[in-house]
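Participant: File name entry03.pdb; file contents PDB, C-alpha atoms and all ligand atoms; full text below.
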```pdb
ATOM      1  CA  MET A 177     -11.777   6.905  -3.072
ATOM      2  CA  GLN A 178     -12.379   8.848   0.106
ATOM      3  CA  LEU A 179     -11.803  12.485   0.908
ATOM      4  CA  ILE A 180     -10.224  14.282   3.844
ATOM      5  CA  GLY A 181     -11.109  17.804   2.777
ATOM      6  CA  ASP A 182      -9.164  18.306  -0.441
ATOM      7  CA  ILE A 183      -6.962  15.251   0.173
ATOM      8  CA  SER A 184      -8.080  12.156  -1.725
ATOM      9  CA  VAL A 185      -7.328   8.721  -0.326
ATOM     10  CA  THR A 186      -7.272   5.574  -2.465
ATOM     11  CA  ARG A 187      -6.787   2.113  -1.026
ATOM     12  CA  VAL A 188      -4.755  -0.190  -3.271
ATOM     13  CA  VAL A 189      -5.192  -3.805  -2.200
ATOM     14  CA  GLU A 190      -2.413  -6.325  -2.677
ATOM     15  CA  SER A 191      -4.354  -9.284  -1.227
ATOM     16  CA  GLU A 192      -7.182  -9.952   1.185
ATOM     17  CA  GLY A 193      -8.907 -12.915   2.758
ATOM     18  CA  SER A 194      -8.567 -15.364   5.619
ATOM     19  CA  PHE A 195      -5.075 -14.989   7.062
ATOM     20  CA  ALA A 196      -4.629 -17.282  10.066
ATOM     21  CA  PRO A 197      -6.530 -18.581  13.091
ATOM     22  CA  ILE A 198      -7.651 -15.629  15.186
ATOM     23  CA  ASP A 199      -6.043 -17.178  18.281
ATOM     24  CA  PHE A 200      -2.738 -17.329  16.412
ATOM     25  CA  LEU A 201      -2.829 -13.610  15.651
ATOM     26  CA  LEU A 202      -4.271 -12.717  19.085
ATOM     27  CA  PRO A 203      -3.037 -15.295  21.614
ATOM     28  CA  GLY A 204      -5.116 -13.765  24.422
ATOM     29  CA  ILE A 205      -8.491 -14.037  22.735
ATOM     30  CA  THR A 206     -11.342 -15.946  24.382
ATOM     31  CA  SER A 207     -14.357 -17.631  22.821
ATOM     32  CA  GLU A 208     -16.509 -15.536  25.193
ATOM     33  CA  LEU A 209     -15.307 -12.348  23.528
ATOM     34  CA  LEU A 210     -16.262 -13.666  20.083
ATOM     35  CA  GLN A 211     -19.632 -14.853  21.358
ATOM     36  CA  ALA A 212     -20.360 -11.482  22.910
ATOM     37  CA  ASN A 213     -19.410  -9.667  19.694
ATOM     38  CA  ARG A 214     -21.310 -11.403  16.928
ATOM     39  CA  TRP A 215     -20.915  -8.306  14.746
ATOM     40  CA  LEU A 216     -17.366  -9.498  14.051
ATOM     41  CA  ARG A 217     -18.667 -12.452  11.976
ATOM     42  CA  PRO A 218     -18.296 -13.228   9.161
ATOM     43  CA  ALA A 219     -16.612 -10.085   7.823
ATOM     44  CA  PHE A 220     -13.727 -10.028  10.283
ATOM     45  CA  VAL A 221     -13.639 -13.566  11.723
ATOM     46  CA  ASP A 222     -14.789 -16.316   9.370
ATOM     47  CA  ASP A 223     -16.702 -19.501  10.199
ATOM     48  CA  ALA A 224     -13.447 -21.432  10.627
ATOM     49  CA  ASN A 225     -12.258 -18.854  13.203
ATOM     50  CA  ASN A 226      -9.700 -17.312  10.886
ATOM     51  CA  VAL A 227      -9.070 -13.603  11.002
ATOM     52  CA  VAL A 228      -9.948 -11.894   7.701
ATOM     53  CA  MET A 229      -7.305  -9.364   6.755
ATOM     54  CA  SER A 230      -6.431  -7.073   3.899
ATOM     55  CA  PHE A 231      -2.935  -6.099   2.841
ATOM     56  CA  HIS A 232      -3.089  -2.698   1.218
ATOM     57  CA  SER A 233      -1.427   0.634   0.635
ATOM     58  CA  TYR A 234      -2.997   4.046   0.733
ATOM     59  CA  VAL A 235      -2.314   6.689  -1.870
ATOM     60  CA  LEU A 236      -2.915  10.222  -0.604
ATOM     61  CA  ARG A 237      -3.140  13.039  -3.082
ATOM     62  CA  THR A 238      -2.801  16.301  -1.248
ATOM     63  CA  PRO A 239      -2.891  19.626  -3.109
ATOM     64  CA  ARG A 240       0.936  19.474  -3.064
ATOM     65  CA  HIS A 241       2.087  15.859  -2.976
ATOM     66  CA  THR A 242       1.296  12.242  -3.737
ATOM     67  CA  ILE A 243       2.097  10.025  -0.758
ATOM     68  CA  LEU A 244       2.108   6.224  -0.563
ATOM     69  CA  VAL A 245       1.476   4.910   2.955
ATOM     70  CA  ASP A 246       2.852   1.394   3.523
ATOM     71  CA  SER A 247       3.953  -0.839   0.703
ATOM     72  CA  CYS A 248       2.611  -4.345   1.417
ATOM     73  CA  VAL A 249       4.509  -7.594   0.792
ATOM     74  CA  GLY A 250       5.981  -7.125  -2.680
ATOM     75  CA  ASN A 251       6.957  -9.572  -5.389
ATOM     76  CA  GLU A 252       9.743 -12.136  -5.684
ATOM     77  CA  LYS A 253      10.735 -11.772  -2.032
ATOM     78  CA  GLU A 254      12.252 -14.815  -0.371
ATOM     79  CA  ARG A 255       9.844 -15.538   2.501
ATOM     80  CA  PRO A 256       9.966 -19.342   2.883
ATOM     81  CA  LEU A 257       8.609 -19.221   6.441
ATOM     82  CA  ARG A 258       5.476 -17.346   5.314
ATOM     83  CA  PRO A 259       4.195 -19.144   2.183
ATOM     84  CA  GLN A 260       1.550 -16.462   1.430
ATOM     85  CA  TRP A 261       4.389 -13.952   0.975
ATOM     86  CA  HIS A 262       7.017 -16.175  -0.641
ATOM     87  CA  ARG A 263       8.161 -15.385  -4.216
ATOM     88  CA  GLN A 264       4.856 -13.723  -4.935
ATOM     89  CA  ARG A 265       3.562 -12.409  -8.239
ATOM     90  CA  PHE A 266       0.951  -9.952  -7.035
ATOM     91  CA  ASP A 267      -0.593  -7.579  -9.586
ATOM     92  CA  PHE A 268      -0.147  -4.656  -7.212
ATOM     93  CA  LEU A 269       1.476  -2.336  -9.763
ATOM     94  CA  ASP A 270      -1.383  -2.967 -12.195
ATOM     95  CA  ARG A 271      -3.834  -2.152  -9.457
ATOM     96  CA  LEU A 272      -1.900   1.017  -8.706
ATOM     97  CA  ALA A 273      -2.129   1.918 -12.397
ATOM     98  CA  ARG A 274      -5.860   1.173 -12.463
ATOM     99  CA  ALA A 275      -6.210   3.549  -9.511
ATOM    100  CA  GLY A 276      -4.685   6.193 -11.764
ATOM    101  CA  VAL A 277      -1.322   6.308  -9.999
ATOM    102  CA  LYS A 278       1.951   6.150 -11.901
ATOM    103  CA  PRO A 279       4.951   5.019  -9.826
ATOM    104  CA  GLU A 280       6.929   8.078 -10.925
ATOM    105  CA  GLU A 281       4.207  10.367  -9.533
ATOM    106  CA  ILE A 282       4.790   9.270  -5.939
ATOM    107  CA  ASP A 283       6.632  12.011  -4.038
ATOM    108  CA  PHE A 284       6.864  10.272  -0.668
ATOM    109  CA  VAL A 285       6.642   6.739   0.622
ATOM    110  CA  PHE A 286       5.957   6.439   4.321
ATOM    111  CA  CYS A 287       6.190   3.044   6.038
ATOM    112  CA  THR A 288       4.338   3.066   9.368
ATOM    113  CA  HIS A 289       6.790   0.401  10.539
ATOM    114  CA  MET A 290       9.277  -2.033   9.054
ATOM    115  CA  HIS A 291       7.562  -5.405   9.188
ATOM    116  CA  ALA A 292       7.795  -7.352   5.928
ATOM    117  CA  ASP A 293       4.194  -6.606   4.925
ATOM    118  CA  HIS A 294       4.711  -2.832   5.068
ATOM    119  CA  VAL A 295       7.945  -2.383   3.109
ATOM    120  CA  GLY A 296       7.675  -4.902   0.259
ATOM    121  CA  TRP A 297       6.983  -2.624  -2.707
ATOM    122  CA  ASN A 298       9.713  -0.270  -1.569
ATOM    123  CA  THR A 299      11.817  -2.322  -3.970
ATOM    124  CA  ARG A 300      11.494  -4.619  -6.943
ATOM    125  CA  LEU A 301      13.861  -7.042  -8.582
ATOM    126  CA  ARG A 302      15.698  -5.735 -11.649
ATOM    127  CA  ASP A 303      18.436  -7.876 -13.213
ATOM    128  CA  GLY A 304      18.974  -9.668  -9.923
ATOM    129  CA  ASN A 305      19.176  -6.486  -7.827
ATOM    130  CA  TRP A 306      16.646  -4.872  -5.523
ATOM    131  CA  VAL A 307      16.002  -1.338  -6.723
ATOM    132  CA  PRO A 308      13.510   1.296  -5.507
ATOM    133  CA  THR A 309      10.098   0.768  -7.138
ATOM    134  CA  LEU A 310       9.155   4.429  -6.885
ATOM    135  CA  PRO A 311      11.894   6.192  -8.837
ATOM    136  CA  GLY A 312      11.159   9.784  -7.832
ATOM    137  CA  ALA A 313      10.087   9.221  -4.246
ATOM    138  CA  ARG A 314      11.741  10.096  -1.010
ATOM    139  CA  TYR A 315      11.149   7.229   1.405
ATOM    140  CA  LEU A 316      10.453   8.454   4.916
ATOM    141  CA  PHE A 317      11.627   6.062   7.629
ATOM    142  CA  ALA A 318      11.228   6.950  11.295
ATOM    143  CA  ARG A 319      14.779   7.122  12.621
ATOM    144  CA  ARG A 320      13.932   5.164  15.767
ATOM    145  CA  GLU A 321      12.351   2.361  13.731
ATOM    146  CA  TYR A 322      15.184   2.246  11.215
ATOM    147  CA  GLU A 323      17.910   2.204  13.857
ATOM    148  CA  TYR A 324      16.201  -0.584  15.805
ATOM    149  CA  TRP A 325      15.891  -2.913  12.794
ATOM    150  CA  GLU A 326      19.330  -1.971  11.496
ATOM    151  CA  ARG A 327      20.796  -3.113  14.828
ATOM    152  CA  MET A 328      18.669  -6.291  14.942
ATOM    153  CA  HIS A 329      19.713  -7.102  11.385
ATOM    154  CA  ARG A 330      23.411  -6.455  12.046
ATOM    155  CA  GLU A 331      23.451  -8.444  15.306
ATOM    156  CA  ALA A 332      21.699 -11.404  13.696
ATOM    157  CA  LEU A 333      24.238 -11.454  10.878
ATOM    158  CA  ALA A 334      27.131 -11.256  13.373
ATOM    159  CA  LYS A 335      25.748 -14.225  15.333
ATOM    160  CA  GLY A 336      24.922 -16.211  12.215
ATOM    161  CA  GLU A 337      21.243 -16.225  13.175
ATOM    162  CA  ALA A 338      18.188 -15.727  10.983
ATOM    163  CA  VAL A 339      17.728 -12.052  10.149
ATOM    164  CA  PRO A 340      14.538 -10.407  11.463
ATOM    165  CA  ASN A 341      11.318  -9.850   9.513
ATOM    166  CA  HIS A 342      12.011 -12.595   6.970
ATOM    167  CA  GLY A 343      14.927 -10.611   5.553
ATOM    168  CA  SER A 344      12.839  -7.620   4.527
ATOM    169  CA  PHE A 345      15.313  -5.129   5.983
ATOM    170  CA  ALA A 346      17.954  -6.396   3.558
ATOM    171  CA  ASP A 347      15.800  -6.586   0.427
ATOM    172  CA  SER A 348      13.286  -3.769   0.974
ATOM    173  CA  VAL A 349      14.911  -1.136   3.201
ATOM    174  CA  LEU A 350      18.696  -1.199   2.739
ATOM    175  CA  PRO A 351      18.526  -0.910  -1.077
ATOM    176  CA  VAL A 352      16.524   2.302  -0.656
ATOM    177  CA  MET A 353      19.205   3.671   1.680
ATOM    178  CA  GLU A 354      21.924   2.662  -0.739
ATOM    179  CA  ALA A 355      20.094   4.361  -3.616
ATOM    180  CA  GLY A 356      20.084   7.595  -1.618
ATOM    181  CA  GLN A 357      16.270   7.807  -1.604
ATOM    182  CA  ALA A 358      15.702   7.245   2.123
ATOM    183  CA  VAL A 359      15.226  10.079   4.612
ATOM    184  CA  LEU A 360      15.415   9.268   8.320
ATOM    185  CA  VAL A 361      12.898  11.454  10.124
ATOM    186  CA  GLU A 362      11.816  12.108  13.681
ATOM    187  CA  SER A 363       8.583  10.565  14.935
ATOM    188  CA  ASP A 364       6.707  13.879  14.675
ATOM    189  CA  HIS A 365       7.971  14.767  11.198
ATOM    190  CA  GLU A 366       5.786  17.113   9.148
ATOM    191  CA  ILE A 367       5.544  16.291   5.429
ATOM    192  CA  GLU A 368       3.487  19.383   4.651
ATOM    193  CA  ASP A 369       1.029  21.604   6.450
ATOM    194  CA  GLY A 370      -1.544  19.298   8.062
ATOM    195  CA  VAL A 371       0.240  16.045   7.226
ATOM    196  CA  HIS A 372       2.578  14.754   9.910
ATOM    197  CA  LEU A 373       3.729  11.685  11.795
ATOM    198  CA  GLU A 374       3.095  10.773  15.408
ATOM    199  CA  ALA A 375       4.763   8.104  17.528
ATOM    200  CA  ALA A 376       2.639   4.962  17.959
ATOM    201  CA  TYR A 377       5.193   2.687  19.614
ATOM    202  CA  GLY A 378       4.460  -0.817  20.807
ATOM    203  CA  HIS A 379       3.721  -2.959  17.767
ATOM    204  CA  THR A 380       7.324  -2.179  16.871
ATOM    205  CA  PRO A 381       9.750   0.078  18.770
ATOM    206  CA  GLY A 382       9.543   2.975  16.319
ATOM    207  CA  ALA A 383       6.115   2.571  14.717
ATOM    208  CA  CYS A 384       4.410   5.831  13.743
ATOM    209  CA  LEU A 385       1.028   6.802  12.428
ATOM    210  CA  LEU A 386       0.228   9.566   9.960
ATOM    211  CA  HIS A 387      -2.185  12.441  10.451
ATOM    212  CA  ALA A 388      -3.857  14.166   7.516
ATOM    213  CA  ARG A 389      -5.884  17.336   8.103
ATOM    214  CA  ASN A 390      -7.572  19.463   5.465
ATOM    215  CA  ARG A 391     -10.572  21.825   5.614
ATOM    216  CA  ASN A 392     -11.405  20.824   9.182
ATOM    217  CA  GLN A 393     -11.486  17.141   8.266
ATOM    218  CA  HIS A 394      -9.091  14.679   9.848
ATOM    219  CA  GLY A 395      -7.896  11.184   9.116
ATOM    220  CA  ILE A 396      -5.223   9.031  10.690
ATOM    221  CA  PHE A 397      -3.333   6.229   9.005
ATOM    222  CA  ALA A 398      -2.834   3.926  11.934
ATOM    223  CA  GLY A 399      -0.716   1.131  10.466
ATOM    224  CA  ASP A 400      -0.777  -1.869  12.804
ATOM    225  CA  VAL A 401      -1.913  -0.122  15.978
ATOM    226  CA  MET A 402      -4.722  -2.620  15.400
ATOM    227  CA  HIS A 403      -4.937  -5.517  12.956
ATOM    228  CA  THR A 404      -8.597  -6.440  13.242
ATOM    229  CA  PRO A 405     -11.808  -4.955  14.690
ATOM    230  CA  VAL A 406     -11.597  -7.727  17.308
ATOM    231  CA  GLN A 407      -9.125  -5.404  19.030
ATOM    232  CA  LEU A 408     -11.820  -2.730  19.285
ATOM    233  CA  ALA A 409     -13.948  -5.183  21.237
ATOM    234  CA  ASP A 410     -10.951  -5.655  23.554
ATOM    235  CA  PRO A 411      -8.143  -3.110  23.045
ATOM    236  CA  GLY A 412      -6.020  -5.073  25.504
ATOM    237  CA  LEU A 413      -5.486  -7.848  22.950
ATOM    238  CA  SER A 414      -2.081  -7.409  21.313
ATOM    239  CA  SER A 415      -0.912  -9.465  18.369
ATOM    240  CA  ARG A 416       1.787 -12.094  18.491
ATOM    241  CA  PHE A 417       3.815  -9.819  16.223
ATOM    242  CA  CYS A 418       3.926  -6.940  18.732
ATOM    243  CA  SER A 419       7.423  -6.361  20.084
ATOM    244  CA  ASP A 420       6.021  -4.829  23.295
ATOM    245  CA  PRO A 421       2.488  -6.144  23.840
ATOM    246  CA  LEU A 422       1.796  -3.941  26.884
ATOM    247  CA  GLN A 423       2.930  -0.762  25.131
ATOM    248  CA  SER A 424       0.990  -1.831  22.037
ATOM    249  CA  ALA A 425      -2.183  -2.177  24.143
ATOM    250  CA  ARG A 426      -1.624   1.231  25.759
ATOM    251  CA  THR A 427      -1.136   2.864  22.348
ATOM    252  CA  ARG A 428      -4.272   1.187  20.947
ATOM    253  CA  LEU A 429      -6.420   2.111  23.956
ATOM    254  CA  ALA A 430      -5.187   5.709  23.833
ATOM    255  CA  LEU A 431      -6.074   5.929  20.149
ATOM    256  CA  CYS A 432      -9.563   4.514  20.763
ATOM    257  CA  GLU A 433     -10.161   6.844  23.721
ATOM    258  CA  ARG A 434      -9.006   9.836  21.718
ATOM    259  CA  TYR A 435     -10.993   9.258  18.535
ATOM    260  CA  ALA A 436     -14.108   7.308  19.516
ATOM    261  CA  ASP A 437     -17.262   9.353  18.906
ATOM    262  CA  THR A 438     -15.334  11.972  16.936
ATOM    263  CA  ALA A 439     -15.372  12.753  13.203
ATOM    264  CA  THR A 440     -11.831  11.421  12.709
ATOM    265  CA  MET A 441     -11.573   8.664  10.089
ATOM    266  CA  VAL A 442      -9.222   5.861  11.092
ATOM    267  CA  PHE A 443      -7.565   4.253   8.061
ATOM    268  CA  THR A 444      -6.306   0.888   9.252
ATOM    269  CA  GLY A 445      -3.442  -1.215   7.993
ATOM    270  CA  HIS A 446      -5.271  -4.530   7.704
ATOM    271  CA  PHE A 447      -9.045  -4.278   8.097
ATOM    272  CA  PRO A 448     -11.023  -5.571   5.131
ATOM    273  CA  LEU A 449     -13.914  -3.266   4.192
ATOM    274  CA  PRO A 450     -14.641  -1.011   5.919
ATOM    275  CA  ASN A 451     -10.907  -0.486   6.009
ATOM    276  CA  ALA A 452     -11.505   3.068   7.200
ATOM    277  CA  ALA A 453     -14.104   4.010   9.764
ATOM    278  CA  ARG A 454     -15.053   6.257  12.589
ATOM    279  CA  LEU A 455     -14.806   4.614  15.992
ATOM    280  CA  VAL A 456     -17.587   4.515  18.542
ATOM    281  CA  ARG A 457     -17.745   3.672  22.211
ATOM    282  CA  THR A 458     -19.833   0.600  23.032
ATOM    283  CA  GLY A 459     -20.129   0.536  26.801
ATOM    284  CA  THR A 460     -16.815  -0.790  28.044
ATOM    285  CA  ALA A 461     -15.151  -1.125  24.635
ATOM    286  CA  PHE A 462     -15.246   0.214  21.084
ATOM    287  CA  GLY A 463     -16.699  -0.562  17.697
ATOM    288  CA  LEU A 464     -17.070   0.722  14.158
ATOM    289  CA  HIS A 465     -19.519   3.470  13.293
ATOM    290  CA  ASN A 466     -22.137   2.131  10.872
TER     291      ASN A 466
HETATM  292 ZN    ZN A 501       1.090  -5.527   9.101
END
```
Output the structure of this file as structure tokens.
Ligand SMILES: [Zn+2]

Facilitator:
Amino acid sequence: MQLIGDISVTRVVESEGSFAPIDFLLPGITSELLQANRWLRPAFVDDANNVVMSFHSYVLRTPRHTILVDSCVGNEKERPLRPQWHRQRFDFLDRLARAGVKPEEIDFVFCTHMHADHVGWNTRLRDGNWVPTLPGARYLFARREYEYWERMHREALAKGEAVPNHGSFADSVLPVMEAGQAVLVESDHEIEDGVHLEAAYGHTPGACLLHARNRNQHGIFAGDVMHTPVQLADPGLSSRFCSDPLQSARTRLALCERYADTATMVFTGHFPLPNAARLVRTGTAFGLHN
């Protein structure tokens, strides 16, 4: 558990390990960059050149609310094109319980964006239907993000094409809308004093990050503004999953410029330990504070 003033932050891991070749995730990467940044091995890039990633949620307990940030891949989802996510039986809810969090205690769920690995536990399968996993939560979806994926989903259905994001809009977002638990919010929405969203467009068209401030301490929950510390060594490297790679790079560079050599803790969407860190400048690029 980590603290941002009086706000406690618990990472709940769904899975972690080698994910895919680093040059699959980051098509622009060069071997020179990896050679010049040996600190990335083996924690973040393994000996077989795979990127090491974690899929996790964050539970924030503020003095007023319990907030779940991002909801991983989920169980029983049909993801045949991504075997690691297909019809899974993760013990995520047990891990949540071991972290002392009951699903009914969650007041808000905030998904930084709507890729399949950030919305999965929004729902679970009950008697053949997808129902909200967090029964008392309001699910905060950035309006811009929701409307983009709603249109992509609808257009794909109309054309008879494969729906986007492995079908996660249909099984992990729409059921929350239909249950009346979703709230579409603007990209600067304030959840409570000191806890608010900010636009972080690029990885997806409506991606947002979350700020948490308490007692002069500050953390940001950056989602997929970066996937791996390799992108600190070269913030220009966008992932193959970025809908606008140039905008994604601008957003990432701006975040690094703004928070490097400050006290702000950056809680990332996919770094293995240290999943949260302060950023430092390293000459022409950035790194993790030791
Ligand atoms: Zn992700």

Participant: Run the PyMOL selection byres (((not hetatm)) within 10 of (chain A and resi 501)) mentally over the shown coordinates, then write out the matched residues as a short mmCIF file (atom, residue, chain, number, x, y, z; two decimals) with C-alpha atoms, in the coordinates of the input, using the chain letters and numbers from the document.

Facilitator:
```cif
data_model
loop_
_atom_site.label_atom_id
_atom_site.label_comp_id
_atom_site.auth_asym_id
_atom_site.auth_seq_id
_atom_site.Cartn_x
_atom_site.Cartn_y
_atom_site.Cartn_z
CA MET A 229 -7.30 -9.36 6.76
CA SER A 230 -6.43 -7.07 3.90
CA PHE A 231 -2.94 -6.10 2.84
CA HIS A 232 -3.09 -2.70 1.22
CA ASP A 246 2.85 1.39 3.52
CA CYS A 248 2.61 -4.34 1.42
CA VAL A 249 4.51 -7.59 0.79
CA THR A 288 4.34 3.07 9.37
CA HIS A 289 6.79 0.40 10.54
CA MET A 290 9.28 -2.03 9.05
CA HIS A 291 7.56 -5.40 9.19
CA ALA A 292 7.80 -7.35 5.93
CA ASP A 293 4.19 -6.61 4.92
CA HIS A 294 4.71 -2.83 5.07
CA VAL A 295 7.94 -2.38 3.11
CA HIS A 379 3.72 -2.96 17.77
CA GLY A 399 -0.72 1.13 10.47
CA ASP A 400 -0.78 -1.87 12.80
CA VAL A 401 -1.91 -0.12 15.98
CA MET A 402 -4.72 -2.62 15.40
CA HIS A 403 -4.94 -5.52 12.96
CA PHE A 417 3.82 -9.82 16.22
CA THR A 444 -6.31 0.89 9.25
CA GLY A 445 -3.44 -1.22 7.99
CA HIS A 446 -5.27 -4.53 7.70
#
```

Participant: Any chance you could resolve the PyMOL selection byres (((chain A and resi 397) around 9) and not hetatm) against this file and give the residues as a ChimeraX atom specification?

Facilitator: /A:234,245,288,385-388,395-396,398-399,441-445,452

Participant: So the first atom is atom CA of A:Trp215 and the second is atom CA of A:Arg187; what is the distance between them in Å, to one decimal place?

Facilitator: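 If I compute the distance from atom CA of A:Trp215 to atom CA of A:Arg187, I get 23.6 Å.
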
Participant: So, counting only C-alpha atoms, which residue among A:Ala439, A:Ala313, A:Leu179, A:Val277 is closest to A:Val359?

Facilitator: A:Ala313

Participant: What gap, in Å, lies between atom CA of A:Val227 and atom CA of A:Thr404?

Facilitator: 7.5 Å

Participant: Quick one: of A:Asn298, A:Ser184, A:Thr380, A:Ser414, who's nearest to A:Phe345, counting all atoms listed in the file?

Facilitator: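 Smallest distance to A:Phe345 is found for A:Asn298.
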